[in-house]
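Note: the block below is data-v7.txt and it holds compact mmCIF, N, CA and C atoms.
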# COMPACT_ATOMS: atom_id res chain seq x y z
N MET A 191 0.64 -32.97 52.31
CA MET A 191 0.11 -31.81 51.62
C MET A 191 -1.00 -32.28 50.69
N SER A 192 -2.13 -31.63 50.74
CA SER A 192 -3.25 -32.00 49.88
C SER A 192 -3.00 -31.50 48.46
N ASP A 193 -3.76 -32.05 47.51
CA ASP A 193 -3.64 -31.57 46.13
C ASP A 193 -3.97 -30.09 46.03
N THR A 194 -4.96 -29.65 46.80
CA THR A 194 -5.33 -28.24 46.79
C THR A 194 -4.17 -27.37 47.27
N ASP A 195 -3.52 -27.80 48.36
CA ASP A 195 -2.36 -27.05 48.87
C ASP A 195 -1.22 -27.05 47.85
N GLY A 196 -1.00 -28.20 47.22
CA GLY A 196 0.05 -28.30 46.22
C GLY A 196 -0.21 -27.41 45.03
N LEU A 197 -1.46 -27.38 44.58
CA LEU A 197 -1.81 -26.52 43.46
C LEU A 197 -1.65 -25.06 43.82
N ARG A 198 -2.05 -24.70 45.03
CA ARG A 198 -1.87 -23.30 45.48
C ARG A 198 -0.39 -22.93 45.52
N LYS A 199 0.45 -23.87 45.97
CA LYS A 199 1.90 -23.60 46.01
C LYS A 199 2.42 -23.41 44.59
N LEU A 200 1.98 -24.26 43.65
CA LEU A 200 2.40 -24.11 42.26
C LEU A 200 1.97 -22.76 41.70
N ILE A 201 0.77 -22.34 42.00
CA ILE A 201 0.27 -21.05 41.53
C ILE A 201 1.12 -19.92 42.10
N THR A 202 1.50 -20.04 43.37
CA THR A 202 2.36 -19.03 43.99
C THR A 202 3.72 -18.99 43.31
N VAL A 203 4.31 -20.17 43.10
CA VAL A 203 5.61 -20.24 42.42
C VAL A 203 5.50 -19.66 41.02
N ALA A 204 4.46 -20.05 40.29
CA ALA A 204 4.27 -19.55 38.93
C ALA A 204 4.12 -18.03 38.92
N GLY A 205 3.31 -17.52 39.82
CA GLY A 205 3.13 -16.07 39.88
C GLY A 205 4.42 -15.34 40.21
N ASP A 206 5.16 -15.86 41.20
CA ASP A 206 6.41 -15.23 41.62
C ASP A 206 7.47 -15.29 40.52
N GLU A 207 7.62 -16.46 39.92
CA GLU A 207 8.67 -16.66 38.91
C GLU A 207 8.35 -15.95 37.60
N LEU A 208 7.08 -15.89 37.24
CA LEU A 208 6.70 -15.34 35.95
C LEU A 208 6.25 -13.89 36.02
N GLY A 209 6.03 -13.41 37.23
CA GLY A 209 5.56 -12.04 37.38
C GLY A 209 4.13 -11.84 36.90
N LEU A 210 3.35 -12.93 36.96
CA LEU A 210 1.95 -12.85 36.53
C LEU A 210 1.04 -12.95 37.74
N ASP A 211 -0.11 -12.32 37.65
CA ASP A 211 -1.11 -12.39 38.72
C ASP A 211 -2.01 -13.58 38.43
N ILE A 212 -1.61 -14.77 38.94
CA ILE A 212 -2.36 -16.00 38.71
C ILE A 212 -3.06 -16.38 40.00
N THR A 213 -4.34 -16.69 39.91
CA THR A 213 -5.13 -17.08 41.07
C THR A 213 -5.55 -18.55 40.95
N PRO A 214 -6.01 -19.15 42.05
CA PRO A 214 -6.50 -20.53 41.96
C PRO A 214 -7.62 -20.69 40.92
N GLN A 215 -8.41 -19.66 40.71
CA GLN A 215 -9.48 -19.73 39.73
C GLN A 215 -8.93 -19.83 38.30
N ASP A 216 -7.68 -19.42 38.12
CA ASP A 216 -7.05 -19.47 36.79
C ASP A 216 -6.46 -20.83 36.45
N ALA A 217 -6.44 -21.75 37.41
CA ALA A 217 -5.75 -23.03 37.24
C ALA A 217 -6.26 -23.84 36.05
N THR A 218 -7.52 -23.70 35.72
CA THR A 218 -8.08 -24.50 34.62
C THR A 218 -8.25 -23.70 33.33
N LEU A 219 -7.81 -22.46 33.34
CA LEU A 219 -7.86 -21.66 32.11
C LEU A 219 -6.77 -22.12 31.16
N ASP A 220 -7.09 -22.21 29.87
CA ASP A 220 -6.08 -22.50 28.87
C ASP A 220 -5.02 -21.39 28.93
N PHE A 221 -3.76 -21.77 28.71
CA PHE A 221 -2.70 -20.77 28.75
C PHE A 221 -3.00 -19.57 27.87
N ASP A 222 -3.64 -19.81 26.73
CA ASP A 222 -3.98 -18.70 25.83
C ASP A 222 -4.93 -17.70 26.47
N GLN A 223 -5.62 -18.10 27.53
CA GLN A 223 -6.57 -17.21 28.21
C GLN A 223 -5.95 -16.50 29.41
N LEU A 224 -4.74 -16.89 29.80
CA LEU A 224 -4.09 -16.24 30.95
C LEU A 224 -3.49 -14.92 30.49
N PRO A 225 -3.88 -13.82 31.13
CA PRO A 225 -3.33 -12.51 30.75
C PRO A 225 -1.81 -12.49 30.92
N GLY A 226 -1.13 -12.09 29.85
CA GLY A 226 0.32 -11.95 29.90
C GLY A 226 1.11 -13.22 29.62
N TRP A 227 0.42 -14.35 29.43
CA TRP A 227 1.13 -15.62 29.20
C TRP A 227 1.76 -15.65 27.82
N ASP A 228 3.00 -16.16 27.76
CA ASP A 228 3.60 -16.47 26.46
C ASP A 228 4.33 -17.80 26.58
N SER A 229 4.71 -18.36 25.48
CA SER A 229 5.26 -19.72 25.47
C SER A 229 6.56 -19.85 26.27
N LEU A 230 7.31 -18.78 26.38
CA LEU A 230 8.56 -18.85 27.16
C LEU A 230 8.29 -19.02 28.65
N HIS A 231 7.11 -18.65 29.10
CA HIS A 231 6.79 -18.82 30.51
C HIS A 231 6.83 -20.29 30.92
N LEU A 232 6.48 -21.18 30.02
CA LEU A 232 6.48 -22.60 30.35
C LEU A 232 7.89 -23.09 30.66
N LEU A 233 8.87 -22.63 29.92
CA LEU A 233 10.26 -23.02 30.19
C LEU A 233 10.74 -22.45 31.52
N THR A 234 10.37 -21.22 31.81
CA THR A 234 10.73 -20.63 33.11
C THR A 234 10.07 -21.40 34.24
N LEU A 235 8.81 -21.77 34.04
CA LEU A 235 8.09 -22.53 35.04
C LEU A 235 8.72 -23.92 35.24
N LEU A 236 9.12 -24.56 34.16
CA LEU A 236 9.80 -25.85 34.24
C LEU A 236 11.04 -25.74 35.12
N THR A 237 11.86 -24.76 34.88
CA THR A 237 13.08 -24.56 35.67
C THR A 237 12.76 -24.33 37.14
N ALA A 238 11.77 -23.51 37.42
CA ALA A 238 11.38 -23.23 38.80
C ALA A 238 10.85 -24.48 39.48
N LEU A 239 10.03 -25.25 38.78
CA LEU A 239 9.47 -26.47 39.38
C LEU A 239 10.55 -27.51 39.64
N GLU A 240 11.52 -27.63 38.75
CA GLU A 240 12.62 -28.56 39.00
C GLU A 240 13.42 -28.14 40.23
N ARG A 241 13.60 -26.85 40.39
CA ARG A 241 14.31 -26.34 41.57
C ARG A 241 13.52 -26.62 42.84
N VAL A 242 12.22 -26.39 42.82
CA VAL A 242 11.37 -26.57 44.00
C VAL A 242 11.19 -28.05 44.34
N THR A 243 11.00 -28.89 43.33
CA THR A 243 10.74 -30.31 43.59
C THR A 243 12.02 -31.12 43.76
N GLY A 244 13.14 -30.59 43.27
CA GLY A 244 14.40 -31.31 43.37
C GLY A 244 14.52 -32.47 42.40
N ARG A 245 13.68 -32.48 41.37
CA ARG A 245 13.77 -33.55 40.38
C ARG A 245 13.50 -33.00 38.99
N ARG A 246 13.95 -33.77 38.00
CA ARG A 246 13.74 -33.36 36.61
C ARG A 246 12.30 -33.67 36.20
N LEU A 247 11.75 -32.78 35.41
CA LEU A 247 10.41 -32.98 34.86
C LEU A 247 10.52 -33.14 33.35
N SER A 248 9.55 -33.80 32.78
CA SER A 248 9.55 -34.08 31.36
C SER A 248 9.10 -32.85 30.56
N LEU A 249 10.02 -32.29 29.79
CA LEU A 249 9.66 -31.16 28.93
C LEU A 249 8.59 -31.55 27.91
N PRO A 250 8.71 -32.71 27.24
CA PRO A 250 7.65 -33.08 26.30
C PRO A 250 6.27 -33.15 26.96
N ASP A 251 6.20 -33.69 28.19
CA ASP A 251 4.92 -33.75 28.89
C ASP A 251 4.41 -32.34 29.18
N LEU A 252 5.30 -31.46 29.63
CA LEU A 252 4.87 -30.09 29.95
C LEU A 252 4.44 -29.34 28.69
N LEU A 253 5.06 -29.63 27.57
CA LEU A 253 4.67 -28.96 26.33
C LEU A 253 3.26 -29.35 25.90
N GLU A 254 2.78 -30.50 26.35
CA GLU A 254 1.42 -30.92 26.05
C GLU A 254 0.39 -30.31 27.00
N ALA A 255 0.84 -29.83 28.15
CA ALA A 255 -0.07 -29.24 29.14
C ALA A 255 -0.67 -27.96 28.57
N ARG A 256 -1.95 -27.74 28.88
CA ARG A 256 -2.63 -26.53 28.40
C ARG A 256 -3.10 -25.64 29.54
N THR A 257 -2.93 -26.11 30.80
CA THR A 257 -3.38 -25.33 31.95
C THR A 257 -2.40 -25.50 33.10
N ILE A 258 -2.49 -24.60 34.07
CA ILE A 258 -1.68 -24.73 35.29
C ILE A 258 -2.04 -26.02 36.01
N ALA A 259 -3.31 -26.40 36.00
CA ALA A 259 -3.73 -27.64 36.66
C ALA A 259 -3.06 -28.85 36.01
N GLU A 260 -2.93 -28.85 34.70
CA GLU A 260 -2.25 -29.95 34.02
C GLU A 260 -0.76 -29.96 34.35
N VAL A 261 -0.15 -28.80 34.46
CA VAL A 261 1.26 -28.71 34.87
C VAL A 261 1.40 -29.29 36.27
N PHE A 262 0.46 -28.97 37.15
CA PHE A 262 0.50 -29.52 38.51
C PHE A 262 0.44 -31.05 38.49
N GLU A 263 -0.44 -31.60 37.68
CA GLU A 263 -0.54 -33.07 37.59
C GLU A 263 0.79 -33.68 37.18
N ILE A 264 1.45 -33.08 36.20
CA ILE A 264 2.73 -33.59 35.73
C ILE A 264 3.81 -33.44 36.81
N ALA A 265 3.84 -32.27 37.44
CA ALA A 265 4.86 -32.01 38.46
C ALA A 265 4.67 -32.85 39.71
N SER A 266 3.44 -33.23 40.02
CA SER A 266 3.19 -33.97 41.24
C SER A 266 3.15 -35.49 41.03
N ALA A 267 3.26 -35.92 39.76
CA ALA A 267 3.26 -37.36 39.48
C ALA A 267 4.51 -38.00 40.06
N ARG A 268 4.34 -39.19 40.55
CA ARG A 268 5.49 -39.94 41.08
C ARG A 268 6.39 -40.34 39.92
N PRO A 269 7.71 -40.16 40.11
CA PRO A 269 8.63 -40.59 39.05
C PRO A 269 8.59 -42.11 38.87
N ALA A 270 8.80 -42.56 37.64
CA ALA A 270 8.84 -44.00 37.38
C ALA A 270 10.03 -44.61 38.09
N ALA A 271 9.83 -45.81 38.62
CA ALA A 271 10.91 -46.49 39.35
C ALA A 271 11.89 -47.13 38.42
What's the structure tokens form of this structure?
Amino acid sequence: MSDTDGLRKLITVAGDELGLDITPQDATLDFDQLPGWDSLHLLTLLTALERVTGRRLSLPDLLEARTIAEVFEIASARPAA
């Protein structure tokens, strides 16, 4: 799966789980610029991503993310061995 495909899948999961209309063009928008975004969405997204990826993700790392693209980078990073 390419990074573009992975990002599109994340956007689909985010939109479905959060009930927001998020497009690929929104991937680099700061969360504050996403219509309807609130801080609780990040926790919901974390739970959904852990379910989809089958692995735990770092909440502190996700709390530092400011865009969907940054969340994708964190979610797609290889876990430390």
Choose the residue, out of A:Ile264, A:Leu235, A:Leu224, A:Leu249, that has the smallest atom-to-atom separation from Leu208 in chain A; count only C-alpha atoms.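 Of all the options, A:Leu235 lies closest to Leu208 in chain A.
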Hey, which of A:Asp222, A:Phe262, A:Ala204, A:Leu210 ends up closest to Thr234 in chain A? Count only N, CA and C atoms. A:Ala204
Set the distance at 12 Å and use only C-alpha atoms: which residues neighbour Val203 in chain A once local chain neighbours fewer than 4 positions away are removed? I'd like the list as a compact mmCIF listing (two decimals) with N, CA and C atoms, in the frame of the given file.
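Full text of result-v1.txt as output:
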# COMPACT_ATOMS: atom_id res chain seq x y z
N GLY A 196 -1.00 -28.20 47.22
CA GLY A 196 0.05 -28.30 46.22
C GLY A 196 -0.21 -27.41 45.03
N LEU A 197 -1.46 -27.38 44.58
CA LEU A 197 -1.81 -26.52 43.46
C LEU A 197 -1.65 -25.06 43.82
N ARG A 198 -2.05 -24.70 45.03
CA ARG A 198 -1.87 -23.30 45.48
C ARG A 198 -0.39 -22.93 45.52
N LYS A 199 0.45 -23.87 45.97
CA LYS A 199 1.90 -23.60 46.01
C LYS A 199 2.42 -23.41 44.59
N GLU A 207 7.62 -16.46 39.92
CA GLU A 207 8.67 -16.66 38.91
C GLU A 207 8.35 -15.95 37.60
N LEU A 208 7.08 -15.89 37.24
CA LEU A 208 6.70 -15.34 35.95
C LEU A 208 6.25 -13.89 36.02
N GLY A 209 6.03 -13.41 37.23
CA GLY A 209 5.56 -12.04 37.38
C GLY A 209 4.13 -11.84 36.90
N LEU A 210 3.35 -12.93 36.96
CA LEU A 210 1.95 -12.85 36.53
C LEU A 210 1.04 -12.95 37.74
N ASP A 211 -0.11 -12.32 37.65
CA ASP A 211 -1.11 -12.39 38.72
C ASP A 211 -2.01 -13.58 38.43
N ILE A 212 -1.61 -14.77 38.94
CA ILE A 212 -2.36 -16.00 38.71
C ILE A 212 -3.06 -16.38 40.00
N THR A 213 -4.34 -16.69 39.91
CA THR A 213 -5.13 -17.08 41.07
C THR A 213 -5.55 -18.55 40.95
N THR A 234 10.37 -21.22 31.81
CA THR A 234 10.73 -20.63 33.11
C THR A 234 10.07 -21.40 34.24
N LEU A 235 8.81 -21.77 34.04
CA LEU A 235 8.09 -22.53 35.04
C LEU A 235 8.72 -23.92 35.24
N LEU A 236 9.12 -24.56 34.16
CA LEU A 236 9.80 -25.85 34.24
C LEU A 236 11.04 -25.74 35.12
N THR A 237 11.86 -24.76 34.88
CA THR A 237 13.08 -24.56 35.67
C THR A 237 12.76 -24.33 37.14
N ALA A 238 11.77 -23.51 37.42
CA ALA A 238 11.38 -23.23 38.80
C ALA A 238 10.85 -24.48 39.48
N LEU A 239 10.03 -25.25 38.78
CA LEU A 239 9.47 -26.47 39.38
C LEU A 239 10.55 -27.51 39.64
N GLU A 240 11.52 -27.63 38.75
CA GLU A 240 12.62 -28.56 39.00
C GLU A 240 13.42 -28.14 40.23
N ARG A 241 13.60 -26.85 40.39
CA ARG A 241 14.31 -26.34 41.57
C ARG A 241 13.52 -26.62 42.84
N VAL A 242 12.22 -26.39 42.82
CA VAL A 242 11.37 -26.57 44.00
C VAL A 242 11.19 -28.05 44.34
N THR A 243 11.00 -28.89 43.33
CA THR A 243 10.74 -30.31 43.59
C THR A 243 12.02 -31.12 43.76
N ILE A 258 -2.49 -24.60 34.07
CA ILE A 258 -1.68 -24.73 35.29
C ILE A 258 -2.04 -26.02 36.01
N PHE A 262 0.46 -28.97 37.15
CA PHE A 262 0.50 -29.52 38.51
C PHE A 262 0.44 -31.05 38.49
One decimal, Å: what's the distance from atom N of Asp193 in chain A over to atom C of Arg268 in chain A, could you say?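 Between atom N of Asp193 in chain A and atom C of Arg268 in chain A the gap is 15.1 Å.
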Quick check, in Å to one decimal: how far apart do CA of Ala217 in chain A and CA of Glu260 in chain A lie?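 Separation between CA of Ala217 in chain A and CA of Glu260 in chain A: 8.4 Å.
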Kindly give the distance, in Å, that separates CA of Leu252 in chain A and atom N of Leu233 in chain A, rounded to a single decimal.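 These two atoms are separated by 8.5 Å.
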Which one is closest to Thr257 in chain A: A:Pro214, A:Leu200, A:Asp195, A:Asp220? Count only C-alpha atoms.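 For Thr257 in chain A, the nearest of the given residues is A:Asp220.
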Please report, as a PyMOL selection string, each residue of chain A to which DSSP assigns helix (DSSP H, G or I) when run on this structure's backbone. chain A and resi 193-208+214-216+221-223+230-243+249-254+258-266
Nearest residue to Thr218 in chain A out of A:Glu263, A:Arg246, A:Leu230, A:Arg256, using only C-alpha atoms?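 Result for the nearest residue to Thr218 in chain A: A:Arg256.
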Can you work out which one of A:Leu232, A:Arg245, A:Ala259, A:Ala265 has the shortest atom-to-atom distance to Gln215 in chain A, counting only C-alpha atoms? A:Ala259
